[in-house]
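*Asks:* My structure is in upload_10.cif, and what it holds is mmCIF, C-alpha atoms:
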```cif
data_structure
#
loop_
_atom_site.group_PDB
_atom_site.id
_atom_site.type_symbol
_atom_site.label_atom_id
_atom_site.label_comp_id
_atom_site.auth_asym_id
_atom_site.auth_seq_id
_atom_site.Cartn_x
_atom_site.Cartn_y
_atom_site.Cartn_z
ATOM 1 C CA GLU A 1229 -23.735 25.147 31.186
ATOM 2 C CA ARG A 1230 -21.460 26.448 28.462
ATOM 3 C CA SER A 1231 -20.361 22.944 27.447
ATOM 4 C CA THR A 1232 -23.991 21.821 27.375
ATOM 5 C CA LEU A 1233 -24.868 24.760 25.146
ATOM 6 C CA LEU A 1234 -22.016 23.957 22.777
ATOM 7 C CA LYS A 1235 -23.096 20.325 22.574
ATOM 8 C CA THR A 1236 -26.658 21.403 21.819
ATOM 9 C CA ILE A 1237 -25.483 23.743 19.063
ATOM 10 C CA ALA A 1238 -23.304 21.016 17.558
ATOM 11 C CA LEU A 1239 -26.214 18.580 17.619
ATOM 12 C CA LEU A 1240 -28.501 21.096 15.909
ATOM 13 C CA LEU A 1241 -25.877 21.797 13.230
ATOM 14 C CA SER A 1242 -25.393 18.096 12.551
ATOM 15 C CA VAL A 1243 -29.147 17.566 12.211
ATOM 16 C CA LEU A 1244 -29.390 20.600 9.934
ATOM 17 C CA CYS A 1245 -26.589 19.305 7.738
ATOM 18 C CA THR A 1246 -28.150 15.861 7.597
ATOM 19 C CA PHE A 1247 -31.470 17.155 6.278
ATOM 20 C CA ALA A 1248 -30.315 20.225 4.376
ATOM 21 C CA LEU A 1249 -27.360 18.931 2.385
ATOM 22 C CA PRO A 1250 -29.299 16.354 0.329
ATOM 23 C CA SER A 1251 -31.825 18.974 -0.728
ATOM 24 C CA LEU A 1252 -29.025 21.422 -1.576
ATOM 25 C CA ALA A 1253 -27.250 18.762 -3.594
ATOM 26 C CA THR A 1254 -30.450 18.000 -5.474
ATOM 27 C CA ALA A 1255 -31.088 21.662 -6.110
ATOM 28 C CA ALA A 1256 -27.531 22.109 -7.364
ATOM 29 C CA GLY A 1257 -27.917 19.250 -9.796
ATOM 30 C CA ILE A 1258 -25.394 16.898 -8.175
ATOM 31 C CA PRO A 1259 -26.239 13.321 -9.261
ATOM 32 C CA ALA A 1260 -27.299 10.848 -6.631
ATOM 33 C CA VAL A 1261 -25.492 7.614 -5.824
ATOM 34 C CA THR A 1262 -26.399 5.620 -8.930
ATOM 35 C CA VAL A 1263 -24.844 2.855 -11.003
ATOM 36 C CA THR A 1264 -25.796 2.599 -14.667
ATOM 37 C CA THR A 1265 -24.929 0.072 -17.350
ATOM 38 C CA ALA A 1266 -22.593 1.358 -20.039
ATOM 39 C CA PRO A 1267 -23.138 0.580 -23.746
ATOM 40 C CA ASN A 1268 -20.138 -1.778 -23.739
ATOM 41 C CA GLY A 1269 -21.633 -3.818 -20.924
ATOM 42 C CA GLY A 1270 -19.623 -2.244 -18.093
ATOM 43 C CA GLN A 1271 -20.844 -0.099 -15.236
ATOM 44 C CA GLU A 1272 -20.733 3.661 -14.889
ATOM 45 C CA TYR A 1273 -20.818 5.300 -11.454
ATOM 46 C CA SER A 1274 -22.202 8.705 -10.618
ATOM 47 C CA LEU A 1275 -19.881 11.518 -9.558
ATOM 48 C CA THR A 1276 -20.971 11.204 -5.929
ATOM 49 C CA LEU A 1277 -20.077 7.524 -5.847
ATOM 50 C CA GLN A 1278 -16.772 8.155 -7.622
ATOM 51 C CA ILE A 1279 -15.818 10.748 -5.002
ATOM 52 C CA LEU A 1280 -16.758 8.293 -2.248
ATOM 53 C CA MET A 1281 -14.600 5.596 -3.835
ATOM 54 C CA LEU A 1282 -11.716 8.052 -4.201
ATOM 55 C CA MET A 1283 -11.903 9.052 -0.527
ATOM 56 C CA THR A 1284 -11.989 5.375 0.455
ATOM 57 C CA ALA A 1285 -8.913 4.691 -1.681
ATOM 58 C CA ILE A 1286 -7.074 7.608 -0.051
ATOM 59 C CA THR A 1287 -7.780 6.199 3.426
ATOM 60 C CA LEU A 1288 -6.410 2.823 2.293
ATOM 61 C CA LEU A 1289 -3.330 4.360 0.674
ATOM 62 C CA PRO A 1290 -0.983 3.826 3.685
ATOM 63 C CA GLY A 1291 -1.901 0.144 3.783
ATOM 64 C CA ILE A 1292 -1.355 -0.149 0.031
ATOM 65 C CA VAL A 1293 2.084 1.457 0.317
ATOM 66 C CA LEU A 1294 3.057 -0.859 3.175
ATOM 67 C CA MET A 1295 1.672 -4.134 1.834
ATOM 68 C CA MET A 1296 1.881 -3.824 -1.969
ATOM 69 C CA THR A 1297 5.188 -2.032 -2.605
ATOM 70 C CA SER A 1298 8.852 -2.411 -1.668
ATOM 71 C CA PHE A 1299 8.529 0.087 1.197
ATOM 72 C CA THR A 1300 8.523 -2.569 3.930
ATOM 73 C CA ARG A 1301 11.727 -4.192 2.737
ATOM 74 C CA ILE A 1302 13.564 -0.880 2.397
ATOM 75 C CA VAL A 1303 12.593 0.552 5.783
ATOM 76 C CA ILE A 1304 13.467 -2.677 7.631
ATOM 77 C CA VAL A 1305 16.888 -2.925 5.967
ATOM 78 C CA LEU A 1306 17.665 0.715 6.753
ATOM 79 C CA ALA A 1307 16.573 0.249 10.373
ATOM 80 C CA ILE A 1308 18.817 -2.824 10.761
ATOM 81 C CA LEU A 1309 21.705 -0.946 9.145
ATOM 82 C CA ARG A 1310 21.277 1.899 11.624
ATOM 83 C CA GLN A 1311 21.335 -0.583 14.481
ATOM 84 C CA ALA A 1312 24.419 -2.299 13.062
ATOM 85 C CA LEU A 1313 26.237 1.025 12.919
ATOM 86 C CA GLY A 1314 25.380 1.608 16.563
ATOM 87 C CA ALA A 1315 24.236 5.110 15.731
ATOM 88 C CA GLY A 1316 21.325 5.092 18.172
ATOM 89 C CA GLN A 1317 18.590 7.326 16.768
ATOM 90 C CA ALA A 1318 20.740 8.950 14.093
ATOM 91 C CA PRO A 1319 19.360 9.293 11.493
ATOM 92 C CA PRO A 1320 15.948 9.685 13.129
ATOM 93 C CA ASN A 1321 12.905 7.659 12.157
ATOM 94 C CA GLN A 1322 11.468 10.519 10.076
ATOM 95 C CA VAL A 1323 14.560 10.487 7.869
ATOM 96 C CA LEU A 1324 14.434 6.707 7.447
ATOM 97 C CA ILE A 1325 10.753 6.786 6.529
ATOM 98 C CA GLY A 1326 11.224 9.677 4.110
ATOM 99 C CA LEU A 1327 14.199 8.008 2.446
ATOM 100 C CA SER A 1328 12.303 4.713 2.231
ATOM 101 C CA LEU A 1329 9.297 6.457 0.731
ATOM 102 C CA PHE A 1330 11.260 8.151 -2.041
ATOM 103 C CA LEU A 1331 13.263 4.999 -2.771
ATOM 104 C CA THR A 1332 9.939 3.188 -3.046
ATOM 105 C CA LEU A 1333 8.672 5.808 -5.499
ATOM 106 C CA PHE A 1334 11.877 5.352 -7.526
ATOM 107 C CA ILE A 1335 11.524 1.563 -7.602
ATOM 108 C CA MET A 1336 7.784 1.641 -8.315
ATOM 109 C CA GLY A 1337 8.190 4.325 -11.006
ATOM 110 C CA PRO A 1338 7.790 1.984 -14.016
ATOM 111 C CA VAL A 1339 4.737 0.353 -12.419
ATOM 112 C CA ILE A 1340 3.143 3.728 -11.679
ATOM 113 C CA ASP A 1341 3.835 4.940 -15.223
ATOM 114 C CA LYS A 1342 2.226 1.838 -16.713
ATOM 115 C CA ILE A 1343 -0.835 2.178 -14.482
ATOM 116 C CA ASN A 1344 -1.132 5.819 -15.509
ATOM 117 C CA ALA A 1345 -0.797 5.019 -19.226
ATOM 118 C CA ASP A 1346 -3.034 1.943 -19.316
ATOM 119 C CA ALA A 1347 -5.728 2.809 -16.759
ATOM 120 C CA VAL A 1348 -5.739 6.390 -15.478
ATOM 121 C CA GLN A 1349 -5.396 8.281 -18.752
ATOM 122 C CA PRO A 1350 -7.977 6.189 -20.678
ATOM 123 C CA TYR A 1351 -10.390 6.568 -17.769
ATOM 124 C CA MET A 1352 -9.869 10.335 -17.646
ATOM 125 C CA ALA A 1353 -10.443 10.447 -21.406
ATOM 126 C CA GLY A 1354 -13.691 8.519 -20.997
ATOM 127 C CA THR A 1355 -12.681 5.570 -23.187
ATOM 128 C CA ILE A 1356 -13.034 3.014 -20.392
ATOM 129 C CA ASP A 1357 -15.272 2.829 -17.333
ATOM 130 C CA ALA A 1358 -14.194 2.720 -13.681
ATOM 131 C CA THR A 1359 -14.408 -1.062 -13.333
ATOM 132 C CA THR A 1360 -12.254 -1.646 -16.403
ATOM 133 C CA ALA A 1361 -9.761 0.974 -15.204
ATOM 134 C CA MET A 1362 -9.388 -0.736 -11.834
ATOM 135 C CA ASN A 1363 -8.932 -4.163 -13.442
ATOM 136 C CA VAL A 1364 -6.392 -2.881 -15.963
ATOM 137 C CA GLY A 1365 -4.552 -0.827 -13.340
ATOM 138 C CA ALA A 1366 -4.180 -3.814 -11.046
ATOM 139 C CA VAL A 1367 -2.302 -5.837 -13.682
ATOM 140 C CA PRO A 1368 1.117 -4.040 -13.483
ATOM 141 C CA LEU A 1369 1.006 -3.935 -9.681
ATOM 142 C CA LYS A 1370 0.039 -7.605 -9.570
ATOM 143 C CA GLN A 1371 2.896 -8.502 -11.913
ATOM 144 C CA PHE A 1372 5.359 -6.591 -9.723
ATOM 145 C CA MET A 1373 4.219 -8.495 -6.642
ATOM 146 C CA LEU A 1374 4.390 -11.826 -8.487
ATOM 147 C CA ASP A 1375 7.985 -11.123 -9.520
ATOM 148 C CA GLN A 1376 8.985 -10.419 -5.906
ATOM 149 C CA THR A 1377 7.012 -13.205 -4.180
ATOM 150 C CA ARG A 1378 8.314 -16.691 -3.521
ATOM 151 C CA GLU A 1379 6.254 -19.522 -4.972
ATOM 152 C CA SER A 1380 6.410 -21.305 -1.616
ATOM 153 C CA ASP A 1381 4.703 -18.348 0.096
ATOM 154 C CA ILE A 1382 1.945 -18.292 -2.515
ATOM 155 C CA ALA A 1383 1.512 -22.047 -2.147
ATOM 156 C CA THR A 1384 1.270 -21.677 1.633
ATOM 157 C CA PHE A 1385 -1.555 -19.148 1.454
ATOM 158 C CA VAL A 1386 -3.322 -21.134 -1.260
ATOM 159 C CA HIS A 1387 -3.220 -24.145 1.063
ATOM 160 C CA ILE A 1388 -4.450 -22.096 4.033
ATOM 161 C CA SER A 1389 -7.352 -20.732 1.978
ATOM 162 C CA GLY A 1390 -8.338 -24.246 0.923
ATOM 163 C CA GLY A 1391 -7.651 -23.654 -2.767
ATOM 164 C CA GLN A 1392 -6.483 -26.208 -5.290
ATOM 165 C CA GLY A 1393 -3.846 -24.100 -7.015
ATOM 166 C CA PHE A 1394 -3.876 -22.061 -10.211
ATOM 167 C CA GLU A 1395 -2.817 -22.813 -13.772
ATOM 168 C CA LYS A 1396 -0.877 -19.563 -14.225
ATOM 169 C CA PRO A 1397 0.663 -17.116 -11.739
ATOM 170 C CA GLU A 1398 -1.539 -14.385 -13.201
ATOM 171 C CA ASP A 1399 -4.611 -16.287 -11.979
ATOM 172 C CA VAL A 1400 -3.653 -15.802 -8.309
ATOM 173 C CA PRO A 1401 -6.191 -13.378 -6.742
ATOM 174 C CA LEU A 1402 -5.062 -10.356 -4.762
ATOM 175 C CA ARG A 1403 -6.546 -11.729 -1.525
ATOM 176 C CA ILE A 1404 -3.883 -14.463 -1.675
ATOM 177 C CA LEU A 1405 -1.115 -12.574 -3.436
ATOM 178 C CA VAL A 1406 -1.006 -9.572 -1.071
ATOM 179 C CA PRO A 1407 -0.334 -11.520 2.184
ATOM 180 C CA ALA A 1408 2.082 -13.812 0.337
ATOM 181 C CA PHE A 1409 3.930 -10.774 -1.024
ATOM 182 C CA ALA A 1410 4.059 -9.136 2.426
ATOM 183 C CA THR A 1411 5.415 -12.332 3.998
ATOM 184 C CA SER A 1412 8.012 -12.716 1.262
ATOM 185 C CA GLU A 1413 9.088 -9.083 1.645
ATOM 186 C CA LEU A 1414 9.589 -9.562 5.389
ATOM 187 C CA LYS A 1415 11.730 -12.640 4.764
ATOM 188 C CA SER A 1416 13.835 -10.830 2.174
ATOM 189 C CA ALA A 1417 14.226 -7.781 4.406
ATOM 190 C CA PHE A 1418 15.533 -9.760 7.379
ATOM 191 C CA GLN A 1419 17.820 -11.856 5.174
ATOM 192 C CA ILE A 1420 19.360 -8.704 3.681
ATOM 193 C CA GLY A 1421 19.556 -7.132 7.128
ATOM 194 C CA PHE A 1422 21.323 -10.209 8.493
ATOM 195 C CA LEU A 1423 23.914 -10.071 5.704
ATOM 196 C CA VAL A 1424 24.414 -6.351 6.355
ATOM 197 C CA PHE A 1425 24.759 -6.935 10.112
ATOM 198 C CA ILE A 1426 27.416 -9.700 9.901
ATOM 199 C CA PRO A 1427 30.408 -7.517 8.856
ATOM 200 C CA PHE A 1428 29.780 -5.106 11.725
ATOM 201 C CA VAL A 1429 29.601 -8.000 14.200
ATOM 202 C CA ILE A 1430 32.915 -9.335 12.892
ATOM 203 C CA ILE A 1431 34.507 -5.902 13.207
ATOM 204 C CA ASP A 1432 33.254 -5.621 16.789
ATOM 205 C CA LEU A 1433 34.674 -9.064 17.647
ATOM 206 C CA VAL A 1434 38.057 -8.231 16.116
ATOM 207 C CA VAL A 1435 38.243 -4.900 17.926
ATOM 208 C CA ALA A 1436 37.211 -6.508 21.199
ATOM 209 C CA SER A 1437 39.852 -9.240 20.795
ATOM 210 C CA VAL A 1438 42.564 -6.690 20.079
ATOM 211 C CA LEU A 1439 41.617 -4.584 23.073
ATOM 212 C CA MET A 1440 41.495 -7.644 25.367
ATOM 213 C CA SER A 1441 44.998 -8.727 24.270
ATOM 214 C CA MET A 1442 46.555 -5.335 25.027
#
```
Taking this structure as input, can you express it in the form of structure tokens?
*Replies:*
Amino acid sequence: ERSTLLKTIALLLSVLCTFALPSLATAAGIPAVTVTTAPNGGQEYSLTLQILMLMTAITLLPGIVLMMTSFTRIVIVLAILRQALGAGQAPPNQVLIGLSLFLTLFIMGPVIDKINADAVQPYMAGTIDATTAMNVGAVPLKQFMLDQTRESDIATFVHISGGQGFEKPEDVPLRILVPAFATSELKSAFQIGFLVFIPFVIIDLVVASVLMSM
């Protein structure tokens, strides 16, 4: 009976919030979800829609860090190095992830600074709209991914998507560039890991040979 009562109370609260919050927002003067045309031809979004877009971006942030930065390459190389050392779980996964995250922030520092200078600050100052800010902010990140992606990987995904190619690398859309970049990062990570692993394998073979001959 108690659980049924709690469920009933929760249901009543959810219904109350559903019908009461819009009226409270209207009474408080919070703008509705609207999109207006700016004088320069762009689009301006209401505060409610901007907050919704920000929350959506925050939920996608882990995927962005994994698929659009150097985090994947770093964490894989560190994991292979730990295995090559034969250290078991030392350092633990939390340390590897934390170290990879801060190394990623160090590597992506110039890109983040350029995005902040070219897109975030002008948008906060009101000189450009949200759409322009997103397009301008994507340029440094896109250039970083292009510099780290093999042309063969881009060509593979262009072929899979049924495209005919692009005149310039900058014309490659993110829907093709992101998976090509992720694939290229995985290749680079395992190649680096293999080169790191080889000396330890040789040392193990030499030590094993010496011990067998004694």
*Asks:* Residues within 12 Å of Val1293 (chain A), please, as number ranges by chain. Count all atoms listed in the file; anything in the same chain fewer than 6 positions from it doesn't count.
*Replies:* A: 1285-1287, 1299-1303, 1325, 1328-1330, 1332-1333, 1336, 1369, 1406, 1410
*Asks:* Within 12 Å of Ile1426 (chain A), counting all atoms listed in the file, which residues show up once you throw out same-chain ones fewer than 5 positions away? Write them as a PyMOL selection string, please.
*Replies:* chain A and resi 1308-1309+1311-1313+1419-1421+1431-1433
*Asks:* For CA of Phe1372 (chain A) and CA of Pro1397 (chain A), determine how far apart the two atoms are, in Å to one decimal place.
*Replies:* 11.7 Å
*Asks:* Mind pulling up the distance from CA of Lys1370 (chain A) to CA of Val1400 (chain A)?
*Replies:*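 Atom-to-atom, CA of Val1400 (chain A) to CA of Lys1370 (chain A), that is 9.1 Å.
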*Asks:* Could you please determine the separation between CA of Asn1321 (chain A) and CA of Ile1304 (chain A) in Å, to one decimal place?
*Replies:*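 Spanning CA of Asn1321 (chain A) to CA of Ile1304 (chain A) is a straight-line distance of 11.3 Å.
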*Asks:* Out of A:Thr1384, A:Gln1392, A:Ser1437, A:Gln1376, which residue has the shortest atom-to-atom distance to Met1296 (chain A) when counting all atoms listed in the file?
*Replies:*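 Closest to Met1296 (chain A) of all the choices is A:Gln1376.
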*Asks:* Ranking A:Ala1361, A:Ala1366, A:Met1440, A:Val1424 by minimum distance to Leu1306 (chain A) and counting only C-alpha atoms, which one comes first?
*Replies:* A:Val1424
*Asks:* Residues within 12 Å of Val1386 (chain A), please, as a PyMOL selection string. Count all atoms listed in the file; anything in the same chain fewer than 5 positions from it doesn't count.
*Replies:* chain A and resi 1379-1381+1391-1394+1397+1399-1408
*Asks:* Counting all atoms listed in the file, which of A:Ile1335, A:Val1429, A:Ala1318, A:Val1438 gets nearest to Thr1297 (chain A)?
*Replies:*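 Among the listed residues, A:Ile1335 lies closest to Thr1297 (chain A).
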*Asks:* Mind telling me what the PyMOL selection byres ((chain A and resi 1378) around 10) catches here, as a ChimeraX atom specification?
*Replies:* /A:1373-1377,1379-1383,1408-1409,1411-1413,1415-1416
*Asks:* Emit region 1384-1439 of chain A of the structure in the block as a file comprising C-alpha atoms, as an mmCIF file, in the first residue's frame.
*Replies:*
```
data_model
loop_
_atom_site.group_PDB
_atom_site.id
_atom_site.type_symbol
_atom_site.label_atom_id
_atom_site.label_comp_id
_atom_site.auth_asym_id
_atom_site.auth_seq_id
_atom_site.Cartn_x
_atom_site.Cartn_y
_atom_site.Cartn_z
ATOM 1 C CA THR A 1384 36.919 4.612 -48.029
ATOM 2 C CA PHE A 1385 34.032 6.326 -46.258
ATOM 3 C CA VAL A 1386 33.325 8.522 -49.277
ATOM 4 C CA HIS A 1387 33.048 5.347 -51.354
ATOM 5 C CA ILE A 1388 30.820 3.656 -48.763
ATOM 6 C CA SER A 1389 28.514 6.686 -48.668
ATOM 7 C CA GLY A 1390 28.223 6.662 -52.456
ATOM 8 C CA GLY A 1391 29.883 10.050 -52.907
ATOM 9 C CA GLN A 1392 31.972 11.174 -55.842
ATOM 10 C CA GLY A 1393 34.775 12.840 -53.907
ATOM 11 C CA PHE A 1394 35.468 16.453 -52.990
ATOM 12 C CA GLU A 1395 37.576 19.170 -54.584
ATOM 13 C CA LYS A 1396 39.237 20.243 -51.326
ATOM 14 C CA PRO A 1397 39.748 18.468 -47.989
ATOM 15 C CA GLU A 1398 37.805 21.267 -46.305
ATOM 16 C CA ASP A 1399 34.712 20.233 -48.285
ATOM 17 C CA VAL A 1400 34.520 16.843 -46.526
ATOM 18 C CA PRO A 1401 31.413 16.867 -44.263
ATOM 19 C CA LEU A 1402 31.622 15.849 -40.624
ATOM 20 C CA ARG A 1403 29.410 12.791 -41.192
ATOM 21 C CA ILE A 1404 32.258 11.344 -43.285
ATOM 22 C CA LEU A 1405 35.217 12.935 -41.541
ATOM 23 C CA VAL A 1406 34.345 11.803 -37.995
ATOM 24 C CA PRO A 1407 34.238 8.015 -38.687
ATOM 25 C CA ALA A 1408 37.296 8.319 -40.936
ATOM 26 C CA PHE A 1409 39.151 10.164 -38.170
ATOM 27 C CA ALA A 1410 38.119 7.572 -35.560
ATOM 28 C CA THR A 1411 39.271 4.715 -37.804
ATOM 29 C CA SER A 1412 42.571 6.443 -38.511
ATOM 30 C CA GLU A 1413 43.130 7.098 -34.802
ATOM 31 C CA LEU A 1414 42.575 3.416 -34.006
ATOM 32 C CA LYS A 1415 45.096 2.405 -36.665
ATOM 33 C CA SER A 1416 47.670 4.878 -35.374
ATOM 34 C CA ALA A 1417 47.101 3.817 -31.771
ATOM 35 C CA PHE A 1418 47.682 0.122 -32.459
ATOM 36 C CA GLN A 1419 50.702 0.849 -34.659
ATOM 37 C CA ILE A 1420 52.291 2.929 -31.886
ATOM 38 C CA GLY A 1421 51.330 0.300 -29.325
ATOM 39 C CA PHE A 1422 52.921 -2.427 -31.444
ATOM 40 C CA LEU A 1423 56.179 -0.468 -31.682
ATOM 41 C CA VAL A 1424 56.104 0.110 -27.917
ATOM 42 C CA PHE A 1425 55.407 -3.582 -27.245
ATOM 43 C CA ILE A 1426 58.269 -4.983 -29.388
ATOM 44 C CA PRO A 1427 61.206 -3.994 -27.107
ATOM 45 C CA PHE A 1428 59.545 -5.611 -24.097
ATOM 46 C CA VAL A 1429 58.945 -8.816 -26.071
ATOM 47 C CA ILE A 1430 62.610 -8.883 -27.093
ATOM 48 C CA ILE A 1431 63.699 -8.360 -23.493
ATOM 49 C CA ASP A 1432 61.446 -11.213 -22.369
ATOM 50 C CA LEU A 1433 62.888 -13.523 -25.050
ATOM 51 C CA VAL A 1434 66.470 -12.654 -24.104
ATOM 52 C CA VAL A 1435 65.799 -13.186 -20.407
ATOM 53 C CA ALA A 1436 64.031 -16.466 -21.098
ATOM 54 C CA SER A 1437 66.930 -17.677 -23.272
ATOM 55 C CA VAL A 1438 69.471 -16.792 -20.601
ATOM 56 C CA LEU A 1439 67.499 -18.552 -17.897
#
```
